[in-house]
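Engineer: Just model-v7.txt, nothing more (compact mmCIF, C-alpha atoms):
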```
# COMPACT_ATOMS: atom_id res chain seq x y z
CA MET A 1 -159.44 -85.48 -27.46
CA LYS A 2 -158.00 -81.96 -27.68
CA ILE A 3 -160.79 -80.85 -30.04
CA LEU A 4 -163.45 -82.25 -27.71
CA THR A 5 -161.88 -80.40 -24.77
CA ILE A 6 -161.98 -77.13 -26.73
CA LEU A 7 -165.63 -77.72 -27.55
CA TRP A 8 -166.42 -78.25 -23.87
CA ILE A 9 -164.72 -74.93 -23.12
CA ILE A 10 -166.91 -73.22 -25.71
CA ILE A 11 -170.05 -74.78 -24.24
CA ALA A 12 -169.10 -73.84 -20.68
CA THR A 13 -168.40 -70.28 -21.80
CA PHE A 14 -171.63 -69.64 -23.66
CA CYS A 15 -174.16 -71.81 -21.86
CA VAL A 16 -174.66 -69.81 -18.67
CA ALA A 17 -177.11 -70.76 -15.96
CA GLU A 18 -180.23 -68.68 -15.72
CA ALA A 19 -179.63 -67.93 -12.01
CA GLN A 20 -180.11 -64.19 -11.73
CA GLN A 21 -178.11 -61.89 -9.48
CA TRP A 22 -180.03 -58.62 -9.12
CA LYS A 23 -179.31 -56.71 -5.93
CA ARG A 24 -181.12 -53.56 -4.83
CA LEU A 25 -178.75 -50.79 -3.72
CA ILE A 26 -181.18 -47.87 -3.23
CA ALA A 27 -184.85 -48.18 -2.19
CA GLU A 28 -185.92 -44.87 -3.77
CA GLU A 29 -187.01 -43.57 -7.18
CA THR A 30 -184.00 -43.27 -9.51
CA TYR A 31 -183.67 -42.04 -13.09
CA GLY A 32 -180.22 -41.13 -14.44
CA LEU A 33 -176.85 -42.59 -13.50
CA CYS A 34 -173.16 -42.27 -14.25
CA ILE A 35 -170.06 -44.18 -13.16
CA ASN A 36 -166.73 -42.39 -12.72
CA PRO A 37 -164.77 -43.61 -15.78
CA LEU A 38 -161.47 -43.48 -13.88
CA ARG A 39 -162.70 -45.02 -10.63
CA LYS A 40 -165.50 -47.54 -11.15
CA GLU A 41 -166.44 -47.64 -7.45
CA THR A 42 -167.70 -44.04 -7.60
CA ILE A 43 -171.32 -43.87 -8.75
CA TYR A 44 -173.77 -40.98 -9.08
CA VAL A 45 -177.51 -41.65 -9.35
CA GLY A 46 -180.21 -39.10 -10.13
CA GLY A 47 -183.26 -39.21 -7.91
CA ILE A 48 -186.50 -37.31 -7.46
CA GLY A 49 -186.89 -33.93 -5.74
CA ARG A 50 -183.43 -32.52 -6.73
CA GLN A 51 -181.74 -35.40 -4.94
CA LEU A 52 -178.51 -36.95 -6.16
CA TYR A 53 -177.13 -40.16 -4.62
CA ARG A 54 -173.36 -40.61 -4.40
CA SER A 55 -171.36 -43.72 -3.53
CA TYR A 56 -167.58 -44.15 -3.31
CA ASP A 57 -167.73 -47.92 -2.66
CA ALA A 58 -169.69 -49.36 -5.62
CA GLY A 59 -173.04 -48.85 -3.91
CA ALA A 60 -172.36 -50.33 -0.47
CA THR A 61 -172.98 -46.92 1.18
CA TRP A 62 -174.51 -43.70 -0.14
CA ASP A 63 -174.54 -39.95 0.47
CA THR A 64 -177.67 -38.02 -0.46
CA LEU A 65 -176.94 -34.63 -2.05
CA VAL A 66 -179.60 -31.98 -2.60
CA VAL A 67 -179.06 -29.48 -5.43
CA ASP A 68 -180.03 -26.13 -3.82
CA PHE A 69 -183.28 -27.28 -2.20
CA LYS A 70 -185.51 -30.33 -2.11
CA THR A 71 -188.68 -30.43 -4.24
CA ALA A 72 -191.26 -33.07 -4.95
CA THR A 73 -191.29 -33.38 -8.74
CA THR A 74 -187.81 -32.80 -10.20
CA ARG A 75 -186.29 -35.94 -11.73
CA PHE A 76 -182.59 -36.03 -12.58
CA THR A 77 -182.56 -38.05 -15.79
CA ASN A 78 -179.10 -36.80 -16.77
CA VAL A 79 -176.04 -37.29 -14.58
CA TYR A 80 -172.76 -36.73 -16.41
CA VAL A 81 -169.18 -37.12 -15.15
CA ASN A 82 -166.41 -35.63 -17.28
CA PRO A 83 -163.69 -38.17 -18.22
CA ALA A 84 -160.90 -35.54 -18.22
CA ASP A 85 -161.78 -34.16 -14.78
CA THR A 86 -163.98 -36.52 -12.78
CA ASN A 87 -164.65 -33.86 -10.16
CA VAL A 88 -166.92 -32.26 -12.77
CA ILE A 89 -170.56 -33.40 -12.67
CA ILE A 90 -173.38 -31.99 -14.82
CA VAL A 91 -177.07 -32.65 -14.12
CA ALA A 92 -180.34 -31.96 -15.93
CA GLY A 93 -183.76 -33.53 -16.04
CA LEU A 94 -187.52 -33.20 -15.90
CA GLY A 95 -189.00 -30.37 -13.86
CA PHE A 96 -185.55 -28.90 -13.11
CA GLY A 97 -185.45 -26.08 -15.66
CA THR A 98 -181.68 -25.52 -15.95
CA VAL A 99 -178.41 -27.35 -16.47
CA ARG A 100 -176.10 -27.23 -13.46
CA ARG A 101 -172.44 -28.03 -13.00
CA SER A 102 -170.37 -29.02 -10.00
CA ALA A 103 -166.56 -28.88 -9.93
CA ASP A 104 -166.26 -30.63 -6.54
CA HIS A 105 -168.07 -33.95 -7.21
CA GLY A 106 -171.48 -32.68 -6.21
CA ASN A 107 -170.93 -30.54 -3.13
CA THR A 108 -171.62 -27.13 -4.74
CA TRP A 109 -173.38 -26.19 -7.99
CA ASP A 110 -173.50 -23.43 -10.64
CA VAL A 111 -176.15 -22.80 -13.30
CA VAL A 112 -174.45 -23.15 -16.70
CA ILE A 113 -177.45 -23.30 -19.11
CA GLU A 114 -180.59 -21.29 -18.47
CA THR A 115 -183.17 -20.73 -21.22
CA LEU A 116 -186.32 -18.61 -21.56
CA SER A 117 -188.41 -21.77 -21.50
CA PRO A 118 -187.33 -24.27 -18.83
CA PHE A 119 -184.57 -26.61 -20.05
CA THR A 120 -185.97 -30.15 -20.11
CA SER A 121 -184.35 -33.53 -20.66
CA SER A 122 -186.27 -36.82 -20.60
CA SER A 123 -183.40 -39.23 -21.32
CA GLU A 124 -179.61 -39.04 -21.62
CA ALA A 125 -178.86 -35.91 -23.65
CA ILE A 126 -175.53 -34.75 -22.16
CA VAL A 127 -172.57 -36.45 -23.84
CA ASN A 128 -168.94 -35.66 -24.57
CA ASP A 129 -166.85 -35.92 -27.73
CA PRO A 130 -165.22 -39.38 -27.52
CA HIS A 131 -161.97 -37.93 -28.91
CA ASN A 132 -161.92 -34.75 -26.82
CA PRO A 133 -163.44 -35.02 -23.32
CA ASN A 134 -163.24 -31.24 -22.89
CA THR A 135 -165.99 -30.91 -25.52
CA VAL A 136 -169.48 -31.62 -24.15
CA TYR A 137 -172.88 -31.50 -25.87
CA ALA A 138 -176.34 -31.02 -24.35
CA ALA A 139 -179.78 -31.04 -25.95
CA ASP A 140 -183.11 -29.58 -24.86
CA LEU A 141 -186.26 -31.71 -25.21
CA ARG A 142 -188.76 -29.00 -26.15
CA PHE A 143 -186.68 -26.62 -28.25
CA CYS A 144 -184.49 -29.37 -29.79
CA ASN A 145 -181.52 -27.00 -29.40
CA ILE A 146 -178.00 -28.42 -29.40
CA TYR A 147 -175.54 -26.75 -27.00
CA ARG A 148 -171.77 -27.23 -27.00
CA SER A 149 -169.07 -26.49 -24.45
CA TYR A 150 -165.31 -26.56 -25.12
CA ASP A 151 -164.34 -26.14 -21.44
CA ARG A 152 -165.95 -29.15 -19.71
CA GLY A 153 -169.30 -27.46 -19.27
CA ILE A 154 -168.36 -24.03 -17.88
CA THR A 155 -169.55 -22.01 -20.89
CA TRP A 156 -171.93 -23.05 -23.67
CA ASP A 157 -172.91 -21.91 -27.18
CA THR A 158 -175.93 -22.88 -29.26
CA VAL A 159 -174.74 -24.96 -32.22
CA GLY A 160 -178.00 -25.67 -34.03
CA SER A 161 -181.44 -27.23 -33.72
CA ALA A 162 -182.41 -30.82 -34.48
CA GLY A 163 -186.11 -30.11 -34.96
CA VAL A 164 -189.07 -27.75 -34.82
CA PRO A 165 -189.50 -26.40 -31.26
CA PHE A 166 -192.41 -27.93 -29.32
CA GLU A 167 -193.29 -30.18 -32.29
CA GLU A 168 -190.29 -32.51 -32.70
CA ASN A 169 -189.19 -33.22 -29.15
CA LEU A 170 -185.62 -34.50 -28.74
CA SER A 171 -185.16 -37.35 -26.25
CA THR A 172 -181.51 -38.45 -26.47
CA LEU A 173 -178.10 -37.73 -28.01
CA THR A 174 -175.41 -40.23 -28.99
CA ILE A 175 -171.98 -39.70 -30.58
CA ARG A 176 -170.43 -42.53 -32.54
CA ASP A 177 -167.01 -43.52 -31.18
CA ASP A 178 -165.29 -43.43 -34.57
CA SER A 179 -166.06 -39.76 -35.33
CA SER A 180 -166.41 -36.54 -33.39
CA ASN A 181 -168.67 -35.08 -36.08
CA ILE A 182 -171.35 -37.78 -36.28
CA ILE A 183 -174.13 -37.29 -33.72
CA TYR A 184 -177.48 -39.08 -33.52
CA ALA A 185 -180.66 -37.77 -31.94
CA GLY A 186 -183.58 -39.91 -30.85
CA MET A 187 -186.80 -37.97 -31.40
CA GLU A 188 -190.46 -38.21 -30.55
CA GLY A 189 -192.41 -39.73 -33.39
CA GLY A 190 -190.02 -42.68 -33.53
CA THR A 191 -187.53 -40.74 -35.66
CA ILE A 192 -183.74 -40.92 -35.61
CA LYS A 193 -181.89 -37.88 -36.91
CA ARG A 194 -178.20 -37.54 -37.73
CA SER A 195 -175.74 -34.66 -37.91
CA ILE A 196 -172.40 -35.01 -39.68
CA ASP A 197 -171.20 -31.51 -38.77
CA SER A 198 -171.14 -31.69 -34.96
CA GLY A 199 -174.77 -30.73 -34.45
CA LYS A 200 -175.17 -27.76 -36.83
CA THR A 201 -177.50 -29.40 -39.34
CA TRP A 202 -179.68 -32.50 -39.03
CA THR A 203 -181.27 -35.05 -41.36
CA ALA A 204 -183.95 -37.62 -40.55
CA ILE A 205 -182.47 -41.01 -41.47
CA ALA A 206 -184.90 -43.54 -39.97
CA GLN A 207 -188.52 -43.90 -38.90
CA LEU A 208 -188.86 -46.70 -36.35
CA SER A 209 -192.56 -46.37 -35.61
CA VAL A 210 -195.66 -46.45 -37.82
CA ASN A 211 -197.64 -44.22 -35.48
CA HIS A 212 -195.79 -40.89 -35.34
CA ASP A 213 -198.06 -39.35 -32.69
CA ASP A 214 -197.36 -41.91 -29.96
CA SER A 215 -193.73 -43.01 -29.91
CA GLU A 216 -190.23 -41.81 -29.23
CA VAL A 217 -186.64 -43.04 -29.42
CA PRO A 218 -185.30 -42.55 -25.86
CA ARG A 219 -181.94 -44.34 -26.22
CA ILE A 220 -179.36 -45.11 -28.93
CA VAL A 221 -176.12 -46.99 -28.17
CA PHE A 222 -173.35 -48.13 -30.51
CA SER A 223 -171.25 -51.25 -30.10
CA LYS A 224 -167.72 -50.90 -28.76
CA ARG A 225 -166.49 -53.77 -30.94
CA ASN A 226 -167.81 -52.23 -34.17
CA PRO A 227 -169.02 -48.60 -34.47
CA MET A 228 -171.14 -49.56 -37.51
CA ILE A 229 -173.39 -51.63 -35.21
CA GLY A 230 -175.87 -49.79 -33.02
CA TYR A 231 -179.02 -50.43 -31.00
CA ALA A 232 -182.07 -48.26 -30.36
CA VAL A 233 -185.31 -48.70 -28.44
CA VAL A 234 -188.78 -47.28 -28.98
CA ALA A 235 -191.29 -46.32 -26.27
CA TYR A 236 -195.01 -45.67 -26.74
CA LEU A 237 -198.01 -44.96 -24.50
CA TYR A 238 -201.28 -46.34 -25.86
CA TYR A 239 -202.00 -50.00 -26.59
CA PRO A 240 -204.26 -49.42 -29.66
CA ASN A 241 -201.33 -47.74 -31.44
CA ARG A 242 -199.58 -51.04 -32.14
CA PRO A 243 -197.44 -52.03 -34.00
CA SER A 244 -194.88 -50.03 -32.05
CA GLY A 245 -192.04 -50.35 -29.58
CA GLY A 246 -189.21 -52.87 -29.69
CA VAL A 247 -185.44 -53.12 -30.08
CA PHE A 248 -183.81 -52.03 -33.34
CA ARG A 249 -180.34 -52.61 -34.76
CA THR A 250 -178.22 -50.96 -37.44
CA ASP A 251 -175.30 -52.67 -39.17
CA ASP A 252 -174.33 -49.75 -41.42
CA GLY A 253 -173.52 -47.00 -38.94
CA GLY A 254 -177.08 -45.73 -38.53
CA PHE A 255 -178.28 -45.42 -42.13
CA SER A 256 -180.84 -48.22 -41.81
CA TRP A 257 -182.51 -49.89 -38.81
CA LYS A 258 -184.36 -53.18 -38.37
CA ARG A 259 -186.44 -54.42 -35.45
CA ILE A 260 -184.66 -57.41 -33.86
CA GLY A 261 -186.78 -58.13 -30.83
CA GLN A 262 -189.53 -57.29 -28.30
CA PRO A 263 -192.25 -56.22 -30.78
CA ASP A 264 -195.01 -54.04 -29.31
CA THR A 265 -193.07 -53.72 -26.04
CA SER A 266 -192.42 -50.17 -24.85
CA LEU A 267 -188.73 -49.82 -23.95
CA TRP A 268 -186.83 -46.86 -22.51
CA THR A 269 -183.19 -47.88 -22.23
CA VAL A 270 -180.54 -50.15 -23.75
CA ALA A 271 -176.97 -50.99 -22.72
CA VAL A 272 -174.36 -52.87 -24.76
CA ARG A 273 -170.97 -54.43 -24.02
CA THR A 274 -168.68 -56.90 -25.81
CA ARG A 275 -168.49 -60.48 -24.57
CA ASN A 276 -166.87 -63.43 -26.38
CA GLY A 277 -166.77 -61.52 -29.67
CA ASP A 278 -170.49 -60.70 -29.54
CA ASP A 279 -172.68 -57.87 -28.27
CA ASP A 280 -174.24 -58.49 -24.86
CA VAL A 281 -177.41 -56.37 -24.97
CA PHE A 282 -179.74 -55.41 -22.09
CA VAL A 283 -183.03 -53.50 -22.46
CA GLY A 284 -185.46 -52.09 -19.90
CA GLY A 285 -189.18 -51.41 -20.28
CA TYR A 286 -191.38 -48.37 -19.69
CA THR A 287 -195.16 -48.02 -19.39
CA GLY A 288 -196.65 -44.55 -19.09
CA ASP A 289 -200.39 -45.02 -19.43
CA PHE A 290 -201.38 -46.61 -16.12
CA GLY A 291 -205.05 -45.66 -16.49
CA SER A 292 -205.60 -47.65 -19.68
CA VAL A 293 -207.85 -50.71 -19.74
CA ILE A 294 -205.06 -52.64 -21.47
CA ARG A 295 -201.62 -51.61 -20.27
CA VAL A 296 -198.83 -51.27 -22.84
CA PRO A 297 -196.29 -54.13 -22.44
CA GLY A 298 -193.16 -52.76 -20.83
CA TYR A 299 -194.04 -52.59 -17.16
CA GLY A 300 -191.24 -54.33 -15.21
CA VAL A 301 -189.66 -55.74 -18.38
CA VAL A 302 -185.91 -56.45 -18.45
CA ARG A 303 -184.51 -58.56 -21.30
CA ARG A 304 -181.05 -59.70 -22.33
CA SER A 305 -179.44 -61.03 -25.52
CA THR A 306 -175.93 -62.48 -25.39
CA ASN A 307 -175.72 -62.83 -29.18
CA SER A 308 -176.28 -59.33 -30.59
CA GLY A 309 -180.08 -59.50 -30.45
CA ALA A 310 -180.63 -62.87 -32.13
CA VAL A 311 -182.29 -64.49 -29.07
CA TRP A 312 -183.67 -62.74 -25.98
CA GLN A 313 -183.89 -63.96 -22.39
CA ASN A 314 -186.22 -62.84 -19.61
CA ILE A 315 -184.06 -61.70 -16.67
CA ASP A 316 -186.57 -59.77 -14.54
CA THR A 317 -188.18 -62.58 -12.54
CA ASP A 318 -186.20 -62.04 -9.33
CA ILE A 319 -185.94 -58.22 -9.21
CA GLU A 320 -186.98 -57.03 -5.74
CA TRP A 321 -188.91 -53.90 -6.70
CA ILE A 322 -189.86 -51.55 -3.87
CA ASP A 323 -193.51 -52.23 -4.65
CA SER A 324 -195.78 -53.13 -7.55
CA LEU A 325 -196.21 -49.56 -8.83
CA ARG A 326 -194.48 -48.06 -11.87
CA GLN A 327 -191.71 -50.56 -12.43
CA ASN A 328 -190.17 -48.43 -15.18
CA VAL A 329 -186.50 -48.74 -16.13
CA TRP A 330 -184.96 -45.35 -16.95
CA MET A 331 -181.26 -46.06 -17.37
CA MET A 332 -178.84 -48.98 -17.66
CA LYS A 333 -175.06 -48.66 -17.71
CA PHE A 334 -172.10 -50.97 -17.28
CA ALA A 335 -169.43 -50.13 -14.74
CA GLY A 336 -166.97 -50.60 -17.60
CA GLU A 337 -166.48 -52.52 -20.82
CA ASN A 338 -164.45 -55.15 -18.96
CA ASP A 339 -166.49 -55.01 -15.74
CA GLU A 340 -169.24 -57.54 -15.00
CA ARG A 341 -171.52 -55.11 -13.18
CA LEU A 342 -174.60 -53.61 -14.84
CA TYR A 343 -176.33 -50.79 -12.93
CA MET A 344 -180.02 -50.06 -13.46
CA ALA A 345 -181.99 -46.97 -12.38
CA THR A 346 -185.74 -47.52 -12.05
CA GLU A 347 -188.73 -45.79 -10.51
CA ARG A 348 -188.81 -48.59 -7.95
CA GLY A 349 -185.21 -48.81 -6.83
CA PHE A 350 -181.61 -48.78 -8.02
CA PHE A 351 -180.11 -52.19 -8.82
CA VAL A 352 -176.92 -53.94 -9.84
CA PHE A 353 -176.67 -57.12 -11.94
CA ASP A 354 -173.31 -58.77 -11.19
CA GLU A 355 -172.31 -61.32 -13.80
CA SER A 356 -169.29 -62.47 -11.79
CA SER A 357 -171.55 -64.06 -9.17
CA GLN A 358 -173.28 -66.31 -11.71
CA SER A 359 -172.25 -69.90 -12.20
CA SER A 360 -171.70 -71.78 -15.44
CA VAL A 361 -173.35 -75.09 -16.21
CA GLU A 362 -172.26 -77.89 -18.47
CA THR A 363 -174.69 -78.45 -21.33
CA PRO A 364 -174.36 -81.96 -22.75
CA ILE A 365 -173.32 -82.39 -26.37
CA SER A 366 -176.40 -83.89 -27.97
CA ALA A 367 -175.26 -86.34 -30.64
CA GLY A 368 -177.35 -86.54 -33.78
CA LEU A 369 -179.26 -83.30 -33.19
CA ILE A 370 -176.88 -81.18 -35.28
CA THR A 371 -175.66 -83.18 -38.27
CA SER A 372 -173.13 -82.16 -40.93
CA LEU A 373 -174.31 -82.69 -44.51
CA SER A 374 -172.51 -82.33 -47.82
CA GLY A 375 -172.32 -78.88 -49.37
CA LYS A 376 -171.64 -77.09 -46.08
CA ARG A 377 -175.13 -77.78 -44.81
CA LEU A 378 -176.39 -78.66 -41.34
CA ARG A 379 -179.49 -80.57 -40.34
CA ILE A 380 -180.99 -79.63 -36.97
CA THR A 381 -183.46 -82.26 -35.83
CA ALA A 382 -184.57 -80.99 -32.44
CA ASP A 383 -187.18 -78.31 -31.80
CA LEU A 384 -186.08 -77.26 -28.31
CA CYS A 385 -189.27 -75.45 -27.29
CA PRO A 386 -192.62 -75.16 -29.06
CA GLN A 387 -193.21 -71.71 -30.56
CA ALA A 388 -189.82 -70.45 -29.32
CA ASP A 389 -187.29 -68.52 -31.38
CA ALA A 390 -184.00 -70.32 -31.96
CA VAL A 391 -180.65 -69.32 -33.41
CA ILE A 392 -177.55 -71.27 -34.37
CA THR A 393 -174.07 -69.82 -33.83
CA ILE A 394 -171.01 -71.27 -35.56
CA TYR A 395 -167.75 -70.91 -33.61
CA GLN A 396 -164.14 -71.42 -34.55
CA LEU A 397 -162.44 -73.87 -32.22
CA ALA A 398 -160.74 -70.91 -30.57
CA GLY A 399 -164.20 -69.83 -29.40
CA VAL A 400 -164.63 -66.91 -31.84
CA PRO A 401 -168.17 -66.66 -33.32
CA ILE A 402 -168.28 -66.62 -37.12
CA THR A 403 -171.96 -66.25 -37.90
CA HIS A 404 -175.48 -66.30 -36.46
CA ARG A 405 -178.50 -67.69 -38.24
CA ARG A 406 -182.14 -67.88 -37.19
CA ILE A 407 -183.68 -71.36 -37.39
CA GLU A 408 -187.02 -71.93 -39.06
CA TYR A 409 -188.17 -75.51 -38.62
CA ASN A 410 -190.02 -77.41 -41.32
CA GLY A 411 -191.80 -79.95 -39.15
CA SER A 412 -189.26 -81.41 -36.71
CA SER A 413 -186.09 -80.39 -38.54
CA ALA A 414 -184.36 -77.60 -40.40
CA ILE A 415 -181.56 -77.58 -42.98
CA LEU A 416 -179.25 -74.55 -43.14
CA GLU A 417 -176.51 -73.78 -45.66
CA PHE A 418 -173.24 -72.02 -44.80
CA LEU A 419 -171.44 -71.59 -48.12
CA GLU A 420 -169.57 -68.52 -46.85
CA ILE A 421 -167.66 -70.49 -44.19
CA PRO A 422 -164.32 -72.11 -45.19
CA SER A 423 -163.94 -75.89 -44.97
CA GLY A 424 -162.88 -77.13 -41.56
CA ILE A 425 -163.98 -78.25 -38.11
CA TYR A 426 -166.22 -75.95 -36.06
CA ALA A 427 -168.51 -75.92 -33.04
CA ALA A 428 -172.23 -75.28 -33.48
CA VAL A 429 -174.42 -74.05 -30.61
CA VAL A 430 -178.19 -73.81 -30.91
CA THR A 431 -179.91 -71.52 -28.40
CA SER A 432 -183.65 -71.20 -27.88
CA SER A 433 -185.39 -68.18 -26.40
CA CYS A 434 -186.83 -70.48 -23.72
CA GLY A 435 -183.30 -71.02 -22.39
CA LYS A 436 -182.51 -74.50 -23.72
CA ARG A 437 -179.34 -75.21 -25.71
CA LEU A 438 -177.66 -77.98 -27.66
CA ALA A 439 -174.23 -78.21 -29.23
CA SER A 440 -172.12 -80.42 -31.45
CA MET A 441 -168.88 -80.64 -33.38
CA ILE A 442 -169.43 -80.08 -37.13
CA VAL A 443 -167.31 -80.55 -40.25
CA PHE A 444 -167.69 -78.45 -43.40
CA ASP A 445 -166.11 -80.19 -46.39
```
Before anything else, please render the file you have as structure tokens.
Structural biologist:
Amino acid sequence: MKILTILWIIIATFCVAEAQQWKRLIAEETYGLCINPLRKETIYVGGIGRQLYRSYDAGATWDTLVVDFKTATTRFTNVYVNPADTNVIIVAGLGFGTVRRSADHGNTWDVVIETLSPFTSSSEAIVNDPHNPNTVYAADLRFCNIYRSYDRGITWDTVGSAGVPFEENLSTLTIRDDSSNIIYAGMEGGTIKRSIDSGKTWTAIAQLSVNHDDSEVPRIVFSKRNPMIGYAVVAYLYYPNRPSGGVFRTDDGGFSWKRIGQPDTSLWTVAVRTRNGDDDVFVGGYTGDFGSVIRVPGYGVVRRSTNSGAVWQNIDTDIEWIDSLRQNVWMMKFAGENDERLYMATERGFFVFDESSQSSVETPISAGLITSLSGKRLRITADLCPQADAVITIYQLAGVPITHRRIEYNGSSAILEFLEIPSGIYAAVVTSSCGKRLASMIVFD
């Protein structure tokens, strides 16, 4: 009876109802965002026309700040708050031309980086050293220059260049949590580059797109539970240039990458947090060519995987966009690793997805659908949805996941072998991309 109770707890934990909880907080174009790491209720959101939105109450009310003067085209794609001094905000973007810093949470501003050619940033490219918050890095899209500040963004030096100016545009920077020296750059052409000397020299380590002329890597994020695991997305513009796009994952710290979902979908952002010993991954789509006869998939796309990218769920059906135009997702960030709120900046509004307001459902244990066989094998005799992807997860009775495995049916059943798992009693949960699940107690002898 105790074992059955534990299994029910596992099912209730992982089988979550598909009821979605998106709430629009700002009915304007938004691009970059940052949450105060010391006070999660304070949020800064980059808008259009040199506008910056500020909330001290988790988005219930907002101030609108204007950096110098209001213009029509500037988009703040980068909004950075320093963890050591959260009064310090740094902004950059498209059509802005400089990098500016505020020491009084956005009330007044100073120019801190000004280049001969206007400084441009299309995605998040201002990040700090995870081991020293006084050290901040910034990267320029067109020149691919890497700038570094040791004093929280007051003064900057040029460290190096990640590519050929005006040929290898740099979209995003990411620093792995386990090392101050290892920095990754997402480039146009679908390339990921890496520096192991804090940005001085760079090496191309991965090519995520076949068509180099029409793709870029606008976001790279590493898992908090394991710095060797990371996720990247690829965006592209023209439908005939498929195969392209998608979500990619590395399990070796960035040396190699494999597409794990959303093929031929143009994506701009990815966010990752740890839940129940797994990576909870969200991605947002982007479509740039609105005049094409066939639009690139990505418009209004928001997907989620609760099992490190094995199976993906559609979670964009109830988003209340401002209108039907340009439903591009530019940035996703969690309020905190242990916070249930996900914030999302889009061209058609700023939203929050609050996991705490969702309800769990009990999924019945379907006897006979997952059967233990000799030799640590399982027979799965139910195809949950025609043509749908399915994955099986084996859990310890404490609820800790041990392994994931994709299911390929041969007719109406599949047999999987788990020789690497010690003998014992476990829980098996099968999840289909169409949202259906089944579960059972299993015994490996």
Engineer: Using atom CA of A:Arg304 and atom CA of A:Ala206 as the two end points, give the distance in Å to one decimal.
Structural biologist: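 Between atom CA of A:Arg304 and atom CA of A:Ala206 the gap is 24.2 Å.
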Engineer: What lies within 7 Å of A:Gly245 using all atoms listed in the file, ignoring chain neighbours under 2 positions off, as an MDAnalysis selection string?
Structural biologist: chainID A and resid 234:236 263:267
Engineer: Between A:Tyr409, A:Tyr31, A:Tyr286, A:Tyr53, single out the one closest to A:Ile380, counting all atoms listed in the file.
Structural biologist: A:Tyr409
Engineer: Set the distance at 10 Å and use all atoms listed in the file: which residues neighbour A:Asp316 once local chain neighbours fewer than 2 positions away are removed? I'd like the list as an MDAnalysis selection string.
Structural biologist: chainID A and resid 20 22 284 300:304 313:314 318:320
Engineer: Between A:Ala162, A:Ile322, A:Val99, A:Ile442, which one has atoms that come closest to A:Glu28, using all atoms listed in the file?
Structural biologist: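 Checking each of A:Ala162, A:Ile322, A:Val99, A:Ile442 against A:Glu28, counting all atoms listed in the file, the winner is A:Ile322.
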Engineer: What separation in Å, quoted to one decimal, exists between atom CA of A:Ile402 and atom CA of A:Asp278?
Structural biologist: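 If I compute the distance from atom CA of A:Ile402 to atom CA of A:Asp278, I get 9.9 Å.
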Engineer: Find the residues around stretch 210-222 of chain A up to 8 Å (all atoms listed in the file counted), leave out those fewer than 6 positions away in its own chain, and share them as a PyMOL selection string.
Structural biologist: chain A and resi 122-124+171-174+176-177+184+186-192+228-238+241-245+268-272
Engineer: Next, the residues of the selection above should be written as a PDB file, in the coordinates of the input with C-alpha atoms.
Structural biologist:
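Listing of selection39.pdb after writing:
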```
ATOM      1  CA  SER A 122    -186.270 -36.820 -20.600  1.00  0.00           C
ATOM      2  CA  SER A 123    -183.400 -39.230 -21.320  1.00  0.00           C
ATOM      3  CA  GLU A 124    -179.610 -39.040 -21.620  1.00  0.00           C
ATOM      4  CA  SER A 171    -185.160 -37.350 -26.250  1.00  0.00           C
ATOM      5  CA  THR A 172    -181.510 -38.450 -26.470  1.00  0.00           C
ATOM      6  CA  LEU A 173    -178.100 -37.730 -28.010  1.00  0.00           C
ATOM      7  CA  THR A 174    -175.410 -40.230 -28.990  1.00  0.00           C
ATOM      8  CA  ARG A 176    -170.430 -42.530 -32.540  1.00  0.00           C
ATOM      9  CA  ASP A 177    -167.010 -43.520 -31.180  1.00  0.00           C
ATOM     10  CA  TYR A 184    -177.480 -39.080 -33.520  1.00  0.00           C
ATOM     11  CA  GLY A 186    -183.580 -39.910 -30.850  1.00  0.00           C
ATOM     12  CA  MET A 187    -186.800 -37.970 -31.400  1.00  0.00           C
ATOM     13  CA  GLU A 188    -190.460 -38.210 -30.550  1.00  0.00           C
ATOM     14  CA  GLY A 189    -192.410 -39.730 -33.390  1.00  0.00           C
ATOM     15  CA  GLY A 190    -190.020 -42.680 -33.530  1.00  0.00           C
ATOM     16  CA  THR A 191    -187.530 -40.740 -35.660  1.00  0.00           C
ATOM     17  CA  ILE A 192    -183.740 -40.920 -35.610  1.00  0.00           C
ATOM     18  CA  MET A 228    -171.140 -49.560 -37.510  1.00  0.00           C
ATOM     19  CA  ILE A 229    -173.390 -51.630 -35.210  1.00  0.00           C
ATOM     20  CA  GLY A 230    -175.870 -49.790 -33.020  1.00  0.00           C
ATOM     21  CA  TYR A 231    -179.020 -50.430 -31.000  1.00  0.00           C
ATOM     22  CA  ALA A 232    -182.070 -48.260 -30.360  1.00  0.00           C
ATOM     23  CA  VAL A 233    -185.310 -48.700 -28.440  1.00  0.00           C
ATOM     24  CA  VAL A 234    -188.780 -47.280 -28.980  1.00  0.00           C
ATOM     25  CA  ALA A 235    -191.290 -46.320 -26.270  1.00  0.00           C
ATOM     26  CA  TYR A 236    -195.010 -45.670 -26.740  1.00  0.00           C
ATOM     27  CA  LEU A 237    -198.010 -44.960 -24.500  1.00  0.00           C
ATOM     28  CA  TYR A 238    -201.280 -46.340 -25.860  1.00  0.00           C
ATOM     29  CA  ASN A 241    -201.330 -47.740 -31.440  1.00  0.00           C
ATOM     30  CA  ARG A 242    -199.580 -51.040 -32.140  1.00  0.00           C
ATOM     31  CA  PRO A 243    -197.440 -52.030 -34.000  1.00  0.00           C
ATOM     32  CA  SER A 244    -194.880 -50.030 -32.050  1.00  0.00           C
ATOM     33  CA  GLY A 245    -192.040 -50.350 -29.580  1.00  0.00           C
ATOM     34  CA  TRP A 268    -186.830 -46.860 -22.510  1.00  0.00           C
ATOM     35  CA  THR A 269    -183.190 -47.880 -22.230  1.00  0.00           C
ATOM     36  CA  VAL A 270    -180.540 -50.150 -23.750  1.00  0.00           C
ATOM     37  CA  ALA A 271    -176.970 -50.990 -22.720  1.00  0.00           C
ATOM     38  CA  VAL A 272    -174.360 -52.870 -24.760  1.00  0.00           C
TER      39      VAL A 272
END
```
